[in-house]
Amino acid sequence: MPNFLLSVVFDDGKAVVYDVGEDIEQVEEFRLLKQIPHLWKQVQVDRSRTCVYWNDRIDLPSDTLYEYGVPQYNTGEENLPHVAEE
């Protein structure tokens, strides 16, 4: 999503939006997401499906996303990308 918002749907159906902008302000490595063109769009899910990452220095564990993401209600699956699926 734009503006450093990350939309995630977990295997149990919980859908959240996580504001990575807060991490960019607080964690030095995350500032690269603003500084390097198109890095933001390169987000991936690791093979174990336990985190999302952009490079070997920037990642977010799924439990952080699950706990601190803002739950999204009344949204159809067609509105949210399923980043936790292979």
# chains A, B, ... in the order shown; residues from 1 in each chain; ligands from 1

call {"tool": "residues_around", "arguments": {"residues": "A:Asp59", "least_positions_apart": "3", "cutoff": "10 Å", "atoms": "only C-alpha atoms", "output": "mmCIF file with N, CA and C atoms, in the first residue's frame"}}
result
data_model
loop_
_atom_site.group_PDB
_atom_site.id
_atom_site.type_symbol
_atom_site.label_atom_id
_atom_site.label_comp_id
_atom_site.auth_asym_id
_atom_site.auth_seq_id
_atom_site.Cartn_x
_atom_site.Cartn_y
_atom_site.Cartn_z
ATOM 1 N N GLU A 29 17.831 1.336 10.050
ATOM 2 C CA GLU A 29 17.829 0.500 8.847
ATOM 3 C C GLU A 29 16.560 0.704 8.013
ATOM 4 N N PHE A 30 15.440 0.949 8.678
ATOM 5 C CA PHE A 30 14.173 1.116 7.976
ATOM 6 C C PHE A 30 14.133 2.406 7.161
ATOM 7 N N VAL A 43 8.781 -5.791 -1.020
ATOM 8 C CA VAL A 43 8.453 -6.577 0.169
ATOM 9 C C VAL A 43 8.132 -8.024 -0.232
ATOM 10 N N GLN A 44 8.603 -8.970 0.582
ATOM 11 C CA GLN A 44 8.393 -10.389 0.336
ATOM 12 C C GLN A 44 8.083 -11.099 1.650
ATOM 13 N N VAL A 45 7.529 -12.289 1.541
ATOM 14 C CA VAL A 45 7.313 -13.156 2.695
ATOM 15 C C VAL A 45 8.411 -14.211 2.663
ATOM 16 N N ASP A 46 9.050 -14.466 3.814
ATOM 17 C CA ASP A 46 10.103 -15.478 3.825
ATOM 18 C C ASP A 46 9.507 -16.877 3.670
ATOM 19 N N CYS A 51 7.951 -13.961 8.632
ATOM 20 C CA CYS A 51 8.261 -12.532 8.572
ATOM 21 C C CYS A 51 8.129 -12.035 7.143
ATOM 22 N N VAL A 52 8.012 -10.721 7.025
ATOM 23 C CA VAL A 52 8.117 -10.067 5.732
ATOM 24 C C VAL A 52 9.442 -9.327 5.734
ATOM 25 N N TYR A 53 10.030 -9.179 4.558
ATOM 26 C CA TYR A 53 11.334 -8.526 4.496
ATOM 27 C C TYR A 53 11.494 -7.783 3.178
ATOM 28 N N TRP A 54 12.422 -6.852 3.204
ATOM 29 C CA TRP A 54 12.773 -6.083 2.015
ATOM 30 C C TRP A 54 14.181 -6.401 1.549
ATOM 31 N N ASN A 55 15.071 -6.598 2.491
ATOM 32 C CA ASN A 55 16.449 -6.989 2.187
ATOM 33 C C ASN A 55 17.014 -7.676 3.433
ATOM 34 N N ASP A 56 18.302 -7.940 3.452
ATOM 35 C CA ASP A 56 18.877 -8.670 4.594
ATOM 36 C C ASP A 56 18.992 -7.811 5.859
ATOM 37 N N SER A 62 6.205 -11.781 11.754
ATOM 38 C CA SER A 62 4.754 -11.874 11.618
ATOM 39 C C SER A 62 4.029 -11.636 12.938
#

call {"tool": "closest_residue", "arguments": {"among": "A:Leu60, A:Leu39, A:Leu33, A:Leu6", "to": "A:Tyr18", "atoms": "only C-alpha atoms"}}
result
A:Leu6

call {"tool": "atom_distance", "arguments": {"atom1": "atom CA of A:Ser48", "atom2": "atom CA of A:Lys34"}}
result
26.7 Å

call {"tool": "select_by_dssp", "arguments": {"residues": "chain A", "states": "alpha helix (DSSP H)", "output": "list of chain:residue names"}}
result
A:Val20, A:Gly21, A:Glu22, A:Asp23, A:Ile24, A:Glu25, A:Gln26, A:Leu32, A:Leu33, A:Lys34, A:Gln35, A:Ser62, A:Asp63, A:Thr64, A:Leu65, A:Tyr66, A:Glu67, A:Tyr68

call {"tool": "closest_residue", "arguments": {"among": "A:Tyr73, A:Tyr66, A:Arg57, A:Gln26", "to": "A:Asp12", "atoms": "only C-alpha atoms"}}
result
A:Tyr66

call {"tool": "closest_residue", "arguments": {"among": "A:Asp11, A:Glu67, A:Asp19, A:Glu25", "to": "A:Arg49", "atoms": "only C-alpha atoms"}}
result
A:Asp11

call {"tool": "residues_around", "arguments": {"residues": "A:Tyr68", "least_positions_apart": "4", "cutoff": "9 Å", "atoms": "only C-alpha atoms", "output": "number ranges by chain"}}
result
A: 16-18, 63-64

call {"tool": "write_last_selection", "arguments": {"atoms": "N, CA and C atoms", "output": "PDB file, in the first residue's frame"}}
result
ATOM      1  N   VAL A  16      -4.893  -7.176   8.764  1.00  0.00           N
ATOM      2  CA  VAL A  16      -4.406  -5.988   9.457  1.00  0.00           C
ATOM      3  C   VAL A  16      -3.721  -5.057   8.480  1.00  0.00           C
ATOM      4  N   VAL A  17      -3.611  -3.809   8.898  1.00  0.00           N
ATOM      5  CA  VAL A  17      -2.761  -2.837   8.215  1.00  0.00           C
ATOM      6  C   VAL A  17      -1.750  -2.366   9.248  1.00  0.00           C
ATOM      7  N   TYR A  18      -0.478  -2.470   8.894  1.00  0.00           N
ATOM      8  CA  TYR A  18       0.608  -2.101   9.793  1.00  0.00           C
ATOM      9  C   TYR A  18       1.301  -0.866   9.229  1.00  0.00           C
ATOM     10  N   ASP A  63       4.646 -12.026  14.062  1.00  0.00           N
ATOM     11  CA  ASP A  63       3.967 -11.799  15.341  1.00  0.00           C
ATOM     12  C   ASP A  63       3.852 -10.309  15.656  1.00  0.00           C
ATOM     13  N   THR A  64       4.808  -9.512  15.208  1.00  0.00           N
ATOM     14  CA  THR A  64       4.718  -8.053  15.381  1.00  0.00           C
ATOM     15  C   THR A  64       3.573  -7.499  14.537  1.00  0.00           C
TER      16      THR A  64
END

call {"tool": "residues_around", "arguments": {"residues": "A:Asn3", "least_positions_apart": "2", "cutoff": "8 Å", "atoms": "only C-alpha atoms", "output": "PyMOL selection string"}}
result
chain A and resi 1+5+21

call {"tool": "select_by_dssp", "arguments": {"residues": "stretch 35-77 of chain A", "states": "strand (DSSP E or B)", "output": "MDAnalysis selection string"}}
result
chainID A and resid 44:45 51:53 59:61 70:71

call {"tool": "atom_distance", "arguments": {"atom1": "atom CA of A:Val8", "atom2": "atom CA of A:Pro71"}}
result
9.7 Å
